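*Asks:* What follows is query-v6.txt; its format and atoms are compact mmCIF, C-alpha atoms.
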```
# COMPACT_ATOMS: atom_id res chain seq x y z
CA ALA X 33 -13.22 -8.58 -8.24
CA GLN X 34 -11.79 -8.64 -4.75
CA SER X 35 -12.53 -5.99 -2.19
CA VAL X 36 -11.35 -5.13 1.30
CA SER X 37 -13.52 -3.59 3.96
CA GLN X 38 -12.24 -1.93 7.11
CA HIS X 39 -15.10 -1.36 9.49
CA ASN X 40 -13.83 1.56 11.48
CA HIS X 41 -12.77 4.76 9.79
CA HIS X 42 -11.50 6.44 12.94
CA VAL X 43 -10.78 4.89 16.34
CA ILE X 44 -9.87 6.88 19.44
CA LEU X 45 -8.42 5.08 22.46
CA SER X 46 -6.66 5.94 25.67
CA GLU X 47 -3.22 4.55 26.35
CA ALA X 48 -3.22 0.97 27.68
CA ALA X 49 -6.59 0.23 26.09
CA SER X 50 -6.90 -2.85 23.93
CA LEU X 51 -7.23 -2.51 20.19
CA GLU X 52 -9.01 -4.51 17.56
CA LEU X 53 -9.36 -3.24 14.00
CA GLY X 54 -11.63 -5.17 11.71
CA CYS X 55 -10.80 -6.24 8.18
CA ASN X 56 -12.92 -8.36 5.87
CA TYR X 57 -12.19 -9.25 2.30
CA SER X 58 -14.12 -10.77 -0.53
CA TYR X 59 -12.31 -13.17 -2.82
CA GLY X 60 -12.93 -16.83 -3.41
CA GLY X 61 -9.38 -17.97 -4.01
CA THR X 62 -6.11 -18.07 -2.14
CA VAL X 63 -4.99 -14.76 -0.74
CA ASN X 64 -2.09 -13.28 1.11
CA LEU X 65 -3.09 -10.79 3.78
CA PHE X 66 -1.25 -7.79 5.11
CA TRP X 67 -1.54 -4.97 7.56
CA TYR X 68 0.44 -1.85 6.74
CA VAL X 69 0.90 1.15 8.99
CA GLN X 70 1.57 4.76 8.13
CA TYR X 71 2.84 6.90 10.99
CA PRO X 72 2.37 10.67 10.68
CA GLY X 73 4.77 12.05 8.08
CA GLN X 74 6.16 8.64 7.21
CA HIS X 75 5.60 6.20 4.39
CA LEU X 76 3.62 2.98 4.46
CA GLN X 77 5.41 0.10 6.08
CA LEU X 78 4.56 -3.52 6.73
CA LEU X 79 3.17 -4.36 10.16
CA LEU X 80 2.55 -8.06 9.61
CA LYS X 81 1.50 -10.54 6.97
CA TYR X 82 -0.19 -13.89 6.57
CA PHE X 83 1.02 -16.19 3.84
CA SER X 84 0.24 -19.70 5.09
CA GLY X 85 0.44 -21.86 8.20
CA ASP X 86 -0.51 -20.62 11.66
CA PRO X 87 -3.47 -18.25 11.20
CA LEU X 88 -2.34 -16.18 14.17
CA VAL X 89 0.51 -14.01 13.03
CA LYS X 90 2.62 -11.70 15.08
CA GLY X 91 4.09 -8.49 13.79
CA ILE X 92 6.23 -5.66 14.98
CA LYS X 93 5.53 -3.53 18.06
CA GLY X 94 3.29 -6.11 19.76
CA PHE X 95 0.67 -6.30 17.02
CA GLU X 96 -0.94 -9.54 15.95
CA ALA X 97 -3.65 -10.55 13.54
CA GLU X 98 -5.78 -13.64 13.13
CA PHE X 99 -6.84 -15.03 9.78
CA ILE X 100 -10.27 -16.65 10.01
CA LYS X 101 -10.87 -18.18 6.61
CA SER X 102 -14.53 -19.01 7.22
CA LYS X 103 -15.23 -15.38 8.03
CA PHE X 104 -12.94 -13.90 5.37
CA SER X 105 -11.46 -11.81 8.15
CA PHE X 106 -8.02 -10.68 9.21
CA ASN X 107 -8.50 -8.51 12.28
CA LEU X 108 -5.61 -6.63 13.83
CA ARG X 109 -5.14 -6.64 17.61
CA LYS X 110 -2.91 -5.21 20.26
CA PRO X 111 -3.55 -5.78 23.97
CA SER X 112 -2.30 -2.40 25.17
CA VAL X 113 -1.83 0.56 22.86
CA GLN X 114 0.67 3.35 23.29
CA TRP X 115 0.58 6.97 22.20
CA SER X 116 3.21 6.10 19.58
CA ASP X 117 0.71 3.75 17.89
CA THR X 118 -1.18 6.76 16.59
CA ALA X 119 -1.18 6.17 12.84
CA GLU X 120 -3.25 5.07 9.89
CA TYR X 121 -3.64 1.32 9.43
CA PHE X 122 -4.38 -0.35 6.12
CA CYS X 123 -5.46 -3.91 5.53
CA ALA X 124 -4.46 -5.33 2.14
CA VAL X 125 -5.14 -8.47 0.15
CA LYS X 126 -3.01 -9.91 -2.61
CA THR X 127 -4.21 -12.70 -4.88
CA ASN X 128 -2.12 -15.28 -6.70
CA ALA X 129 -2.67 -13.27 -9.85
CA GLY X 130 -0.67 -10.50 -8.24
CA LYS X 131 -3.54 -8.06 -7.82
CA SER X 132 -3.22 -6.01 -4.67
CA THR X 133 -6.20 -4.31 -3.02
CA PHE X 134 -6.14 -2.05 0.01
CA GLY X 135 -8.88 -1.14 2.43
CA ASP X 136 -9.76 2.51 3.00
CA GLY X 137 -7.72 2.61 6.18
CA THR X 138 -8.44 3.20 9.85
CA THR X 139 -7.04 6.22 11.61
CA LEU X 140 -6.06 5.35 15.17
CA THR X 141 -5.63 8.15 17.67
CA VAL X 142 -4.23 7.20 21.07
CA LYS X 143 -4.70 9.79 23.77
CA PRO X 144 -1.88 9.99 26.33
CA ASP J 85 20.12 1.53 3.67
CA ALA J 86 18.27 -0.16 0.86
CA MET J 87 15.18 1.79 0.02
CA VAL J 88 12.56 3.06 -2.37
CA ILE J 89 13.09 6.66 -3.43
CA GLN J 90 10.57 8.93 -5.07
CA ASN J 91 11.32 12.24 -6.73
CA PRO J 92 10.12 14.83 -6.41
CA ARG J 93 8.22 14.69 -3.11
CA TYR J 94 5.92 17.47 -4.29
CA GLN J 95 5.03 18.21 -7.90
CA VAL J 96 2.86 21.01 -9.21
CA THR J 97 1.69 20.92 -12.80
CA GLN J 98 -0.82 22.71 -14.94
CA PHE J 99 -4.02 21.26 -16.27
CA GLY J 100 -3.15 19.30 -19.40
CA LYS J 101 0.62 19.64 -19.08
CA PRO J 102 2.40 16.27 -19.14
CA VAL J 103 4.20 15.30 -15.97
CA THR J 104 6.55 12.46 -15.04
CA LEU J 105 7.06 11.06 -11.57
CA SER J 106 10.14 9.05 -10.76
CA CYS J 107 10.82 6.04 -8.55
CA SER J 108 14.06 4.23 -7.92
CA GLN J 109 14.96 1.30 -5.70
CA THR J 110 18.13 -0.12 -4.25
CA LEU J 111 16.47 -3.37 -3.14
CA ASN J 112 16.98 -5.13 -6.49
CA HIS J 113 13.35 -6.28 -6.37
CA ASN J 114 11.67 -7.82 -9.38
CA VAL J 115 8.36 -6.05 -9.02
CA MET J 116 7.58 -2.33 -9.01
CA TYR J 117 4.12 -0.87 -8.44
CA TRP J 118 2.44 2.48 -8.83
CA TYR J 119 -0.50 3.43 -6.65
CA GLN J 120 -2.72 6.48 -6.59
CA GLN J 121 -3.99 7.56 -3.18
CA LYS J 122 -6.53 10.31 -2.74
CA SER J 123 -7.32 11.88 0.59
CA SER J 124 -8.92 9.46 3.09
CA GLN J 125 -9.02 6.69 0.49
CA ALA J 126 -7.23 3.42 -0.04
CA PRO J 127 -4.15 3.29 -2.23
CA LYS J 128 -5.40 2.23 -5.66
CA LEU J 129 -3.14 0.09 -7.80
CA LEU J 130 -2.58 1.60 -11.25
CA PHE J 131 -0.13 -0.94 -12.69
CA HIS J 132 2.91 -2.98 -11.89
CA TYR J 133 5.98 -4.38 -13.61
CA TYR J 134 7.31 -7.86 -13.01
CA ASP J 135 10.76 -7.37 -14.45
CA LYS J 136 9.94 -6.00 -17.89
CA ASP J 137 6.42 -7.38 -18.02
CA PHE J 138 3.88 -4.60 -17.70
CA ASN J 139 0.56 -5.33 -15.97
CA ASN J 140 -2.10 -2.67 -16.26
CA GLU J 141 -5.16 -2.63 -14.02
CA ALA J 142 -8.37 -2.75 -16.03
CA ASP J 143 -9.69 0.53 -14.66
CA THR J 144 -6.49 2.55 -14.98
CA PRO J 145 -7.16 5.46 -17.36
CA ASP J 146 -5.20 5.62 -20.60
CA ASN J 147 -3.90 8.98 -19.43
CA PHE J 148 -1.53 7.08 -17.13
CA GLN J 149 1.48 5.34 -18.60
CA SER J 150 4.58 3.79 -17.13
CA ARG J 151 8.12 2.97 -18.15
CA ARG J 152 10.71 0.76 -16.54
CA PRO J 153 14.01 1.19 -18.36
CA ASN J 154 15.92 -1.02 -15.93
CA THR J 155 15.52 -2.89 -12.65
CA SER J 156 16.15 0.16 -10.52
CA PHE J 157 13.93 2.79 -12.09
CA CYS J 158 10.26 3.12 -12.86
CA PHE J 159 8.43 6.20 -14.15
CA LEU J 160 4.81 7.26 -14.05
CA ASP J 161 3.79 9.50 -16.95
CA ILE J 162 0.54 11.42 -16.81
CA ARG J 163 -0.04 12.60 -20.35
CA SER J 164 -2.72 15.22 -19.74
CA PRO J 165 -3.34 15.75 -16.05
CA GLY J 166 -6.80 16.76 -15.00
CA LEU J 167 -7.93 18.25 -11.71
CA GLY J 168 -9.10 14.80 -10.66
CA ASP J 169 -5.58 13.43 -10.94
CA ALA J 170 -4.37 15.45 -7.99
CA ALA J 171 -3.34 12.84 -5.44
CA MET J 172 -0.46 11.17 -3.67
CA TYR J 173 1.34 8.73 -5.96
CA LEU J 174 3.04 5.85 -4.21
CA CYS J 175 5.72 3.63 -5.63
CA ALA J 176 6.32 0.23 -4.08
CA THR J 177 8.50 -2.79 -4.75
CA SER J 178 8.42 -6.46 -3.88
CA ARG J 179 10.72 -9.34 -4.52
CA GLY J 180 8.01 -11.44 -6.16
CA VAL J 181 4.28 -11.48 -6.77
CA ALA J 182 1.69 -13.38 -4.74
CA GLY J 183 2.15 -17.07 -4.28
CA THR J 184 5.61 -16.70 -2.86
CA ALA J 185 6.76 -15.73 0.55
CA TYR J 186 8.44 -12.65 -0.85
CA ASN J 187 5.42 -10.61 -1.76
CA GLU J 188 5.33 -7.93 0.90
CA GLN J 189 5.65 -4.48 -0.52
CA PHE J 190 8.13 -1.78 0.39
CA PHE J 191 6.82 1.71 -0.16
CA GLY J 192 8.45 4.97 -1.05
CA PRO J 193 7.44 8.24 0.61
CA GLY J 194 5.17 9.24 -2.24
CA THR J 195 4.91 12.23 -4.56
CA ARG J 196 2.07 14.62 -3.91
CA LEU J 197 0.79 15.95 -7.23
CA THR J 198 -1.10 19.21 -7.43
CA VAL J 199 -2.85 20.17 -10.66
CA LEU J 200 -3.60 23.85 -11.17
```
What would you get if you wrote out this structure as structure tokens?
*Replies:*
Amino acid sequence: AQSVSQHNHHVILSEAASLELGCNYSYGGTVNLFWYVQYPGQHLQLLLKYFSGDPLVKGIKGFEAEFIKSKFSFNLRKPSVQWSDTAEYFCAVKTNAGKSTFGDGTTLTVKP
Amino acid sequence: DAMVIQNPRYQVTQFGKPVTLSCSQTLNHNVMYWYQQKSSQAPKLLFHYYDKDFNNEADTPDNFQSRRPNTSFCFLDIRSPGLGDAAMYLCATSRGVAGTAYNEQFFGPGTRLTVL
């Protein structure tokens, strides 16, 4: 069975700091990878996804993620965070069988 | 705007009293999902429909059932809610399942279920 591991449960940064949130998955086959974000009081929404092709994918609001197949990783990055990035971030994996698995989430708090 | 709508946003039920949560979509997506999310945990997939084909996760309790009478609507029925079923229930849709480019999921706002 596949699993998704997010290394940091809670990250606290100051504005303008750089961000990297770790995500590792375990599954031997082809996967699609996603990062979803949930802002306070709002529903989950897609930040970015990897389906195929260039392993460096860019999403909304200056976020990017890099798929490293050999490391089974899909880390999320942003060079300079803003207060408005305060949210919960979920990494998710979807297999060709359609099974979708989420990580436990990382709560990001950005101090102004 | 096209969207995923969940009603009600908050539901209170009594221990053992059947409850139904509702989800509708205006996206005309083929796939509809139900997730259970408990506090500080990952959303856990309960089941999904690809059109009329129902796909149950192996570890979803029998207490949870689902119906999809048409493309737009999907219901989650909890036959005998226990205290452990208190959670946020998320509905999501996608155009297709994995293996296509159209497999990102669009989420509704969730229904928070309280069991007394």
*Asks:* Quote the spacing between atom CA of Lys131 of chain X and atom CA of Ile89 of chain J in Å to one decimal place.
*Replies:*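 Computed distance, atom CA of Lys131 of chain X to atom CA of Ile89 of chain J, equals 22.6 Å.
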*Asks:* Output as a list in words the set of chain X residues within 8 Å of chain J, with distances taken over all atoms listed in the file.
*Replies:*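 Taking all atoms listed in the file into account, Val63, Asn64, Phe66, Gln74, His75, Leu76, Gln77, Leu78, Lys81, Phe83, Phe122, Lys126, Thr127, Asn128, Ala129, Gly130, Ser132, Thr133, Phe134, Gly135, Asp136 and Gly137 of chain X sit within 8 Å of chain J.
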*Asks:* Out of X:Leu65, X:Cys55, X:Gly73, X:Leu79, which residue has the shortest atom-to-atom distance to Ile92 of chain X when counting all atoms listed in the file?
*Replies:*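 Smallest distance to Ile92 of chain X is found for X:Leu79.
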*Asks:* Just how far from atom CA of Val142 of chain X is atom CA of Tyr71 of chain X, in Å to one decimal?
*Replies:*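 According to the coordinates, atom CA of Tyr71 of chain X and atom CA of Val142 of chain X are separated by 12.3 Å.
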*Asks:* I need the residue nearest Gly54 of chain X from this list: X:Ser37, X:Asn107, X:Ser84, X:Thr138. Use all atoms listed in the file for the distance.
*Replies:*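 Ranking X:Ser37, X:Asn107, X:Ser84, X:Thr138 by distance to Gly54 of chain X, first place goes to X:Asn107.
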*Asks:* Compile the contact shell of Ser46 of chain X as an mmCIF file with C-alpha atoms, in the frame of the given file: residues with an atom at most 9 Å away, counting only C-alpha atoms, same-chain residues fewer than 3 positions apart removed.
*Replies:*
```
data_model
loop_
_atom_site.group_PDB
_atom_site.id
_atom_site.type_symbol
_atom_site.label_atom_id
_atom_site.label_comp_id
_atom_site.auth_asym_id
_atom_site.auth_seq_id
_atom_site.Cartn_x
_atom_site.Cartn_y
_atom_site.Cartn_z
ATOM 1 C CA ALA X 49 -6.590 0.230 26.090
ATOM 2 C CA SER X 50 -6.900 -2.850 23.930
ATOM 3 C CA VAL X 113 -1.830 0.560 22.860
ATOM 4 C CA GLN X 114 0.670 3.350 23.290
ATOM 5 C CA TRP X 115 0.580 6.970 22.200
ATOM 6 C CA THR X 141 -5.630 8.150 17.670
ATOM 7 C CA VAL X 142 -4.230 7.200 21.070
ATOM 8 C CA LYS X 143 -4.700 9.790 23.770
ATOM 9 C CA PRO X 144 -1.880 9.990 26.330
#
```
*Asks:* I'd like the interatomic distance between atom CA of Asn140 of chain J and atom CA of Arg152 of chain J, to a tenth of an Å.
*Replies:*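 So the answer is 13.3 Å.
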*Asks:* Could you pull the residues within 12 Å of Gly60 of chain X, counting only C-alpha atoms, minus those fewer than 3 positions along the same chain, as a count of residues only?
*Replies:* 12
*Asks:* Please provide the set of residues having any atom within 9 Å of Lys101 of chain J, restricted to only C-alpha atoms, with same-chain residues fewer than 2 positions apart removed, written as a list in words.
*Replies:* Thr97, Gln98, Phe99, Val103, Ile162, Arg163, Ser164, Pro165 and Gly166 of chain J
*Asks:* Considering all atoms listed in the file, can you say which of X:Val89, X:Leu53, X:Val43, X:Leu80 comes closest to Thr118 of chain X?
*Replies:*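 Using all atoms listed in the file, Thr118 of chain X sits closest to X:Val43.
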*Asks:* Which polymer residues, whether protein, DNA or RNA, lie within 6 Å of the coordinate (-2.8, 9.6, 11.4) when you count only C-alpha atoms? List them as a list in words, using the chain letters and numbers from the file.
*Replies:*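 All residues meeting the 6 Å criterion around (-2.8, 9.6, 11.4) are Pro72, Ala119, Glu120 and Thr139 of chain X.
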*Asks:* Show me the residues close to (1.1, 17.5, -7.3) - anything with an atom within 10 Å, counting all atoms listed in the file - and format the list as a PyMOL selection string.
*Replies:* chain J and resi 92-98+103+105+165+169-173+195-200
